[in-house]
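Below: model-v9.csv (CSV, C-alpha atoms)
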chain,number,residue,atom,x,y,z
A,1316,MET,CA,32.5,9.8,6.0
A,1317,TYR,CA,28.8,9.4,6.6
A,1318,ASP,CA,27.1,9.4,10.0
A,1319,CYS,CA,24.6,6.8,9.0
A,1320,ILE,CA,24.3,4.4,6.1
A,1321,ILE,CA,21.1,2.5,5.8
A,1322,ILE,CA,21.2,-0.8,3.8
A,1323,GLY,CA,17.8,-1.4,2.2
A,1324,MET,CA,15.2,1.0,1.0
A,1325,GLY,CA,12.0,-0.7,2.0
A,1326,ALA,CA,9.4,0.7,4.5
A,1327,ALA,CA,11.8,0.2,7.5
A,1328,GLY,CA,14.8,1.7,5.8
A,1329,MET,CA,13.0,4.7,4.5
A,1330,SER,CA,11.4,5.3,7.9
A,1331,ALA,CA,14.9,5.1,9.5
A,1332,SER,CA,16.3,7.5,7.0
A,1333,ILE,CA,13.7,10.2,7.9
A,1334,TYR,CA,14.6,10.0,11.6
A,1335,ALA,CA,18.3,9.9,10.9
A,1336,LYS,CA,18.2,12.9,8.5
A,1337,ARG,CA,16.0,14.9,10.8
A,1338,SER,CA,18.5,14.3,13.6
A,1339,ASN,CA,21.1,16.0,11.4
A,1340,LEU,CA,23.0,12.9,10.6
A,1341,LYS,CA,24.7,12.8,7.2
A,1342,THR,CA,22.7,9.9,5.8
A,1343,LEU,CA,22.9,7.6,2.8
A,1344,ILE,CA,20.7,4.7,1.7
A,1345,LEU,CA,22.1,1.8,-0.3
A,1346,GLU,CA,19.5,-0.3,-2.2
A,1347,GLU,CA,20.2,-3.3,-4.4
A,1348,ASN,CA,17.0,-3.2,-6.6
A,1349,MET,CA,14.3,-0.6,-6.3
A,1350,PRO,CA,12.7,1.7,-3.6
A,1351,GLY,CA,10.0,-0.1,-1.7
A,1352,GLY,CA,11.4,-3.6,-1.9
A,1353,ILE,CA,8.8,-6.3,-1.6
A,1354,LEU,CA,6.1,-3.8,-1.2
A,1355,ASN,CA,6.1,-3.4,-5.0
A,1356,LYS,CA,5.0,-7.0,-5.3
A,1357,VAL,CA,1.9,-6.7,-3.0
A,1358,SER,CA,-1.3,-6.1,-4.9
A,1359,LYS,CA,-3.4,-4.7,-2.1
A,1360,ILE,CA,-2.8,-3.5,1.5
A,1361,GLU,CA,-5.9,-3.0,3.7
A,1362,ASN,CA,-4.4,-2.9,7.3
A,1363,TYR,CA,-2.0,0.1,7.1
A,1364,LEU,CA,-3.4,2.9,9.2
A,1365,GLY,CA,-4.6,5.9,7.1
A,1366,PHE,CA,-5.2,3.9,4.0
A,1367,LYS,CA,-8.5,1.9,3.7
A,1368,SER,CA,-7.0,0.2,0.6
A,1369,ILE,CA,-3.8,0.9,-1.3
A,1370,SER,CA,-1.6,-1.1,-3.6
A,1371,GLY,CA,1.9,-1.9,-2.3
A,1372,SER,CA,3.5,-0.1,-5.2
A,1373,ASP,CA,1.5,3.1,-4.6
A,1374,LEU,CA,2.4,3.0,-0.9
A,1375,ALA,CA,6.1,2.4,-1.7
A,1376,TYR,CA,6.0,5.4,-4.2
A,1377,SER,CA,4.5,7.7,-1.5
A,1378,MET,CA,7.3,6.7,0.9
A,1379,PHE,CA,9.9,7.3,-1.8
A,1380,GLU,CA,8.4,10.7,-2.5
A,1381,HIS,CA,8.8,11.5,1.2
A,1382,ILE,CA,12.5,10.5,1.0
A,1383,ASN,CA,13.0,12.8,-2.0
A,1384,ASN,CA,11.3,15.7,-0.3
A,1385,GLU,CA,13.8,15.3,2.6
A,1386,ASN,CA,16.7,15.3,0.1
A,1387,ILE,CA,18.0,12.0,1.4
A,1388,GLU,CA,20.9,10.6,-0.7
A,1389,TYR,CA,20.6,7.1,-2.0
A,1390,LYS,CA,22.5,4.8,-4.4
A,1391,ILE,CA,21.5,1.7,-6.2
A,1392,THR,CA,24.2,-0.9,-5.5
A,1393,LYS,CA,24.6,-4.3,-3.9
A,1394,VAL,CA,26.4,-4.6,-0.5
A,1395,LEU,CA,29.0,-7.3,-0.5
A,1396,ASP,CA,30.6,-7.1,2.9
A,1397,ILE,CA,30.9,-4.9,6.1
A,1398,LYS,CA,34.0,-4.4,8.2
A,1399,ASP,CA,33.6,-3.1,11.7
A,1400,ASN,CA,36.5,-0.8,12.6
A,1401,LYS,CA,34.9,0.1,15.9
A,1402,ASP,CA,34.4,3.9,15.7
A,1403,TYR,CA,33.7,3.7,11.9
A,1404,LYS,CA,32.5,1.0,9.5
A,1405,THR,CA,33.4,0.2,5.9
A,1406,ILE,CA,30.7,-1.0,3.6
A,1407,TYR,CA,32.0,-2.8,0.4
A,1408,THR,CA,29.6,-2.7,-2.6
A,1409,THR,CA,29.6,-3.3,-6.3
A,1410,LYS,CA,30.1,0.4,-6.8
A,1411,GLY,CA,33.0,0.9,-4.4
A,1412,GLU,CA,33.3,1.3,-0.6
A,1413,PHE,CA,31.7,3.7,1.8
A,1414,LYS,CA,32.7,4.7,5.3
A,1415,THR,CA,30.2,5.5,8.0
A,1416,ARG,CA,30.0,5.9,11.8
A,1417,GLY,CA,26.8,4.0,12.1
A,1418,ILE,CA,24.8,1.4,10.1
A,1419,ILE,CA,21.1,0.4,10.0
A,1420,ILE,CA,20.4,-2.9,8.1
A,1421,SER,CA,16.9,-3.1,6.7
A,1422,ILE,CA,17.2,-5.4,3.7
A,1423,GLY,CA,13.9,-7.2,4.3
A,1424,ARG,CA,13.2,-10.8,3.1
A,1425,LYS,CA,13.0,-12.5,-0.2
A,1426,LEU,CA,10.1,-14.7,-1.5
A,1427,LYS,CA,10.8,-18.4,-1.2
A,1428,LYS,CA,11.0,-20.6,-4.3
A,1429,SER,CA,9.4,-24.0,-4.6
A,1430,GLY,CA,12.7,-25.8,-5.2
A,1431,LEU,CA,11.1,-28.0,-7.8
A,1432,LEU,CA,13.1,-29.1,-10.8
A,1433,ASN,CA,11.5,-27.0,-13.6
A,1434,GLU,CA,11.0,-23.8,-11.6
A,1435,GLU,CA,13.9,-21.9,-13.1
A,1436,LYS,CA,13.1,-23.3,-16.6
A,1437,PHE,CA,9.6,-21.8,-16.5
A,1438,LEU,CA,10.5,-18.6,-14.7
A,1439,GLY,CA,9.0,-15.8,-16.8
A,1440,LYS,CA,7.4,-18.5,-19.0
A,1441,GLY,CA,4.4,-19.2,-16.8
A,1442,ILE,CA,5.9,-19.0,-13.3
A,1443,SER,CA,5.8,-15.7,-11.4
A,1444,TYR,CA,6.1,-14.5,-7.8
A,1445,CYS,CA,4.3,-11.2,-8.4
A,1446,ALA,CA,0.6,-10.9,-9.3
A,1447,ILE,CA,0.6,-7.2,-9.5
A,1448,CYS,CA,3.4,-7.3,-12.0
A,1449,ASP,CA,2.2,-10.1,-14.3
A,1450,ALA,CA,-1.6,-10.5,-13.8
A,1451,PRO,CA,-2.4,-8.6,-17.1
A,1452,LEU,CA,-0.5,-11.3,-19.0
A,1453,TYR,CA,-3.0,-13.9,-17.9
A,1454,ARG,CA,-6.2,-12.2,-18.9
A,1455,GLY,CA,-8.8,-14.8,-19.8
A,1456,LYS,CA,-6.4,-17.7,-18.9
A,1457,ASN,CA,-6.2,-20.3,-16.2
A,1458,VAL,CA,-3.9,-19.7,-13.2
A,1459,VAL,CA,-3.1,-21.3,-9.9
A,1460,VAL,CA,-1.6,-19.8,-6.7
A,1461,LEU,CA,0.6,-21.9,-4.5
A,1462,GLY,CA,0.4,-21.1,-0.8
A,1463,SER,CA,-2.0,-20.5,2.1
A,1464,SER,CA,-0.9,-17.3,3.6
A,1465,PRO,CA,-3.1,-14.1,3.7
A,1466,SER,CA,-0.9,-12.6,1.0
A,1467,ALA,CA,-1.3,-15.7,-1.2
A,1468,VAL,CA,-5.1,-15.3,-0.8
A,1469,GLU,CA,-5.0,-11.6,-1.6
A,1470,GLU,CA,-2.9,-12.3,-4.7
A,1471,ALA,CA,-5.4,-14.9,-5.9
A,1472,ILE,CA,-8.2,-12.4,-5.5
A,1473,TYR,CA,-6.3,-9.9,-7.5
A,1474,LEU,CA,-5.6,-12.4,-10.2
A,1475,SER,CA,-9.2,-13.4,-10.4
A,1476,ASP,CA,-10.1,-10.0,-11.9
A,1477,PHE,CA,-7.9,-11.0,-14.9
A,1478,ALA,CA,-7.9,-14.8,-15.2
A,1479,SER,CA,-10.6,-17.0,-16.5
A,1480,THR,CA,-10.2,-19.4,-13.6
A,1481,THR,CA,-8.2,-19.1,-10.4
A,1482,LYS,CA,-7.3,-21.9,-8.1
A,1483,ILE,CA,-5.3,-22.0,-4.8
A,1484,ILE,CA,-3.3,-25.1,-4.1
A,1485,THR,CA,-2.2,-25.5,-0.5
A,1486,ASN,CA,-0.8,-28.3,1.6
A,1487,LYS,CA,-3.0,-27.4,4.5
A,1488,GLU,CA,-6.4,-25.8,4.9
A,1489,ILE,CA,-7.0,-22.1,5.0
A,1490,GLU,CA,-8.6,-21.4,8.4
A,1491,ASP,CA,-9.3,-17.7,8.3
A,1492,LYS,CA,-13.1,-17.4,7.6
A,1493,THR,CA,-12.8,-13.9,6.4
A,1494,LEU,CA,-10.3,-14.9,3.7
A,1495,ILE,CA,-12.5,-17.9,2.7
A,1496,GLU,CA,-15.5,-15.6,2.3
A,1497,LYS,CA,-13.5,-13.4,0.0
A,1498,LEU,CA,-12.4,-16.4,-2.1
A,1499,ASP,CA,-16.0,-17.6,-2.3
A,1500,SER,CA,-17.3,-14.2,-3.4
A,1501,LYS,CA,-14.7,-14.3,-6.3
A,1502,ASN,CA,-15.5,-17.9,-7.2
A,1503,ILE,CA,-11.9,-19.0,-6.5
A,1504,GLU,CA,-11.5,-22.8,-6.1
A,1505,ILE,CA,-9.4,-24.0,-3.1
A,1506,ILE,CA,-7.5,-27.3,-3.4
A,1507,ASN,CA,-6.6,-28.2,0.2
A,1508,ASN,CA,-4.1,-30.7,1.5
A,1509,ARG,CA,-2.2,-31.1,-1.8
A,1510,LYS,CA,1.4,-30.4,-2.8
A,1511,VAL,CA,2.7,-29.6,-6.3
A,1512,THR,CA,5.4,-32.0,-7.2
A,1513,ASN,CA,6.2,-31.0,-10.7
A,1514,PHE,CA,5.8,-28.2,-13.3
A,1515,ILE,CA,4.9,-29.5,-16.8
A,1516,GLY,CA,5.4,-28.0,-20.2
A,1517,ASN,CA,7.7,-27.6,-23.1
A,1518,ASP,CA,8.7,-23.9,-23.9
A,1519,THR,CA,6.1,-22.6,-21.5
A,1520,ILE,CA,4.3,-24.1,-18.5
A,1521,ASN,CA,1.0,-25.9,-19.2
A,1522,GLY,CA,0.3,-27.9,-16.1
A,1523,VAL,CA,1.1,-28.8,-12.5
A,1524,GLU,CA,1.3,-32.3,-11.1
A,1525,LEU,CA,0.0,-32.9,-7.6
A,1526,ASP,CA,1.2,-35.5,-5.0
A,1527,ASN,CA,-1.8,-37.7,-5.9
A,1528,ASN,CA,-0.6,-37.8,-9.5
A,1529,GLU,CA,-3.4,-35.5,-10.6
A,1530,ILE,CA,-2.4,-33.0,-13.4
A,1531,ILE,CA,-4.1,-29.6,-13.5
A,1532,SER,CA,-3.9,-27.7,-16.8
A,1533,VAL,CA,-2.7,-24.1,-16.3
A,1534,ASP,CA,-1.3,-21.2,-18.2
A,1535,GLY,CA,0.3,-19.5,-15.1
A,1536,VAL,CA,1.6,-20.4,-11.7
A,1537,PHE,CA,2.1,-17.8,-8.9
A,1538,ILE,CA,4.2,-19.0,-6.0
A,1539,TYR,CA,3.7,-17.6,-2.5
A,1540,TYR,CA,5.5,-20.0,-0.2
A,1541,GLY,CA,6.6,-17.5,2.4
A,1542,TYR,CA,10.0,-15.8,2.8
A,1543,SER,CA,13.6,-16.4,3.4
A,1544,SER,CA,16.5,-14.3,4.6
A,1545,ASP,CA,19.7,-13.5,2.7
A,1546,THR,CA,22.3,-12.2,5.1
A,1547,SER,CA,25.4,-14.1,3.9
A,1548,PHE,CA,27.3,-10.8,3.6
A,1549,LEU,CA,26.9,-10.3,7.4
A,1550,LYS,CA,28.7,-13.6,8.3
A,1551,ASP,CA,31.8,-11.9,9.7
A,1552,LEU,CA,29.6,-9.8,12.1
A,1553,ASN,CA,28.0,-12.8,13.7
A,1554,ILE,CA,24.7,-11.0,14.4
A,1555,THR,CA,22.2,-13.5,12.9
A,1556,ASP,CA,20.3,-16.6,14.2
A,1557,GLU,CA,20.4,-20.0,12.5
A,1558,LYS,CA,17.8,-18.9,9.9
A,1559,GLY,CA,19.7,-15.7,8.9
A,1560,TYR,CA,17.6,-13.2,10.8
A,1561,ILE,CA,19.3,-10.4,12.6
A,1562,ILE,CA,19.1,-10.4,16.4
A,1563,VAL,CA,18.5,-7.0,18.0
A,1564,ASP,CA,17.4,-5.6,21.4
A,1565,ASN,CA,14.4,-3.3,22.0
A,1566,ASN,CA,16.3,-0.4,20.6
A,1567,MET,CA,16.9,-2.2,17.3
A,1568,LYS,CA,20.6,-2.5,18.2
A,1569,THR,CA,22.8,-5.5,17.4
A,1570,LYS,CA,25.7,-6.6,19.6
A,1571,HIS,CA,28.0,-4.3,17.6
A,1572,LYS,CA,28.3,-0.7,18.6
A,1573,TYR,CA,26.6,1.7,16.1
A,1574,ILE,CA,25.1,-1.2,14.1
A,1575,TYR,CA,21.3,-1.5,14.1
A,1576,ALA,CA,18.7,-3.4,12.2
A,1577,CYS,CA,15.0,-3.2,11.6
A,1578,GLY,CA,12.2,-4.4,9.4
A,1579,ASP,CA,11.5,-7.9,8.1
A,1580,ILE,CA,15.2,-9.0,8.4
A,1581,ILE,CA,15.1,-9.0,12.2
A,1582,LYS,CA,13.9,-11.8,14.4
A,1583,LYS,CA,10.4,-10.9,15.5
A,1584,GLU,CA,6.8,-12.2,15.7
A,1585,LEU,CA,4.8,-9.8,13.5
A,1586,TYR,CA,5.9,-9.0,9.9
A,1587,GLN,CA,3.8,-6.0,8.7
A,1588,VAL,CA,4.4,-2.7,7.0
A,1589,SER,CA,3.3,-0.9,10.2
A,1590,THR,CA,5.9,-2.8,12.4
A,1591,ALA,CA,8.6,-2.2,9.8
A,1592,VAL,CA,7.9,1.6,9.8
A,1593,SER,CA,7.9,1.7,13.6
A,1594,GLU,CA,11.2,-0.3,13.9
A,1595,GLY,CA,12.8,2.0,11.4
A,1596,ALA,CA,11.8,5.0,13.5
A,1597,VAL,CA,13.2,3.3,16.6
A,1598,ALA,CA,16.5,2.4,14.9
A,1599,GLY,CA,17.0,5.9,13.4
A,1600,TYR,CA,16.3,7.6,16.7
A,1601,ASN,CA,18.5,5.4,18.8
A,1602,LEU,CA,21.5,5.4,16.5
A,1603,SER,CA,21.4,9.2,16.4
A,1604,LYS,CA,21.1,9.2,20.2
A,1605,GLU,CA,24.1,6.9,20.7
A,1606,LEU,CA,26.3,8.8,18.3
A,1607,LYS,CA,25.5,12.1,19.9
A,1608,GLU,CA,26.1,10.7,23.4
A,1609,ASP,CA,29.6,9.6,22.2
A,1610,ASN,CA,30.2,13.0,20.5
A,1611,LEU,CA,30.5,11.3,17.1

Would you put the structure from the file into structure tokens?
Amino acid sequence: MYDCIIIGMGAAGMSASIYAKRSNLKTLILEENMPGGILNKVSKIENYLGFKSISGSDLAYSMFEHINNENIEYKITKVLDIKDNKDYKTIYTTKGEFKTRGIIISIGRKLKKSGLLNEEKFLGKGISYCAICDAPLYRGKNVVVLGSSPSAVEEAIYLSDFASTTKIITNKEIEDKTLIEKLDSKNIEIINNRKVTNFIGNDTINGVELDNNEIISVDGVFIYYGYSSDTSFLKDLNITDEKGYIIVDNNMKTKHKYIYACGDIIKKELYQVSTAVSEGAVAGYNLSKELKEDNL
């Protein structure tokens, strides 16, 4: 029996584990893929206090080192379901079941796909969702980035150091002047107010078609259309809103006793590494406090 099981090993989950472990809770982290989560797909972070500029993967690795230094147990497995037995919970995974008194859910969000017909066909054959992972494959080639968010802009800037030409295609205009100045300094072309309607190619992608029927020749397409939640395994707990984000109070607590959530999977206004780390600390501290008050 664990005191605390944390589902998700991103910035929020790792932060929560530090506070839980230091409160003498027997702690376990369950992670489906790799430590750091979506941080590993971010090329550059420039707004996390203490680091003027750091890659997402380097920051994730530093956090993971901290976890190891604290001797916090973790397992790589996918969570399938959670049963609330009141004083204890059962977590069902692809590697068996685990019992715990308290749970902190910090699974983050997933990158949205375009939903276009040939997206899956060209995945890994010209379509990518991670510039830091795949940029070297497009050295001297022509690439486009789909999206208008700050992260999409930063990924385009990162790609421009490898690619021969880099374009951003967005269905609206990028309004942040600082971001536009960065793009101008890198000679990145912005195509505003256009949607990609089709991916073109045979074995690999070689073009994108726009909603005005224009076709742009490309070797690679990097998609940054925002994020979506994947909380279907929580359906029996009834703790999410209509979009799948978990609803918590100021203490990061759900409506279930001893079940907390933090990070990008909760309903909130600001999705940043700094807020995720803060929420993880709040969740870890308050779960520990609640368990100790109930002598569990």

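Proximity to A:Ala1576 was assessed for A:Ser1429, A:Thr1485, A:Thr1480, A:Ser1421 counting all atoms listed in the file; the smallest distance is recorded for A:Ser1421.
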
Would you pick out the contacts of stretch 1498-1504 of chain A at 12 Å or less, using only C-alpha atoms, so that residues sharing its chain but fewer than 2 positions from it are not included, and give the list as an MDAnalysis selection string? chainID A and resid 1457:1460 1463 1465 1467:1485 1489 1491:1496 1506:1507

Hey, which of A:Ile1419, A:Ala1375, A:Leu1426, A:Leu1461 ends up closest to A:Leu1602? Count only C-alpha atoms.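 Residue with the minimum atom-to-atom distance to A:Leu1602: A:Ile1419.
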
Between A:Glu1347, A:Met1567, A:Ala1331, A:Leu1431, which has the minimum distance to A:Val1592 (counting only C-alpha atoms)?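 Between A:Glu1347, A:Met1567, A:Ala1331, A:Leu1431, the residue approaching A:Val1592 most closely is A:Ala1331.
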
So how far away is atom CA of A:Lys1558 from atom CA of A:Ile1447, in Å?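 Between these atoms lies a distance of 28.4 Å.
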
Hey, can you check how far atom CA of A:Glu1557 sits from atom CA of A:Gly1423?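 Answer for the atom CA of A:Glu1557 to atom CA of A:Gly1423 separation: 16.5 Å.
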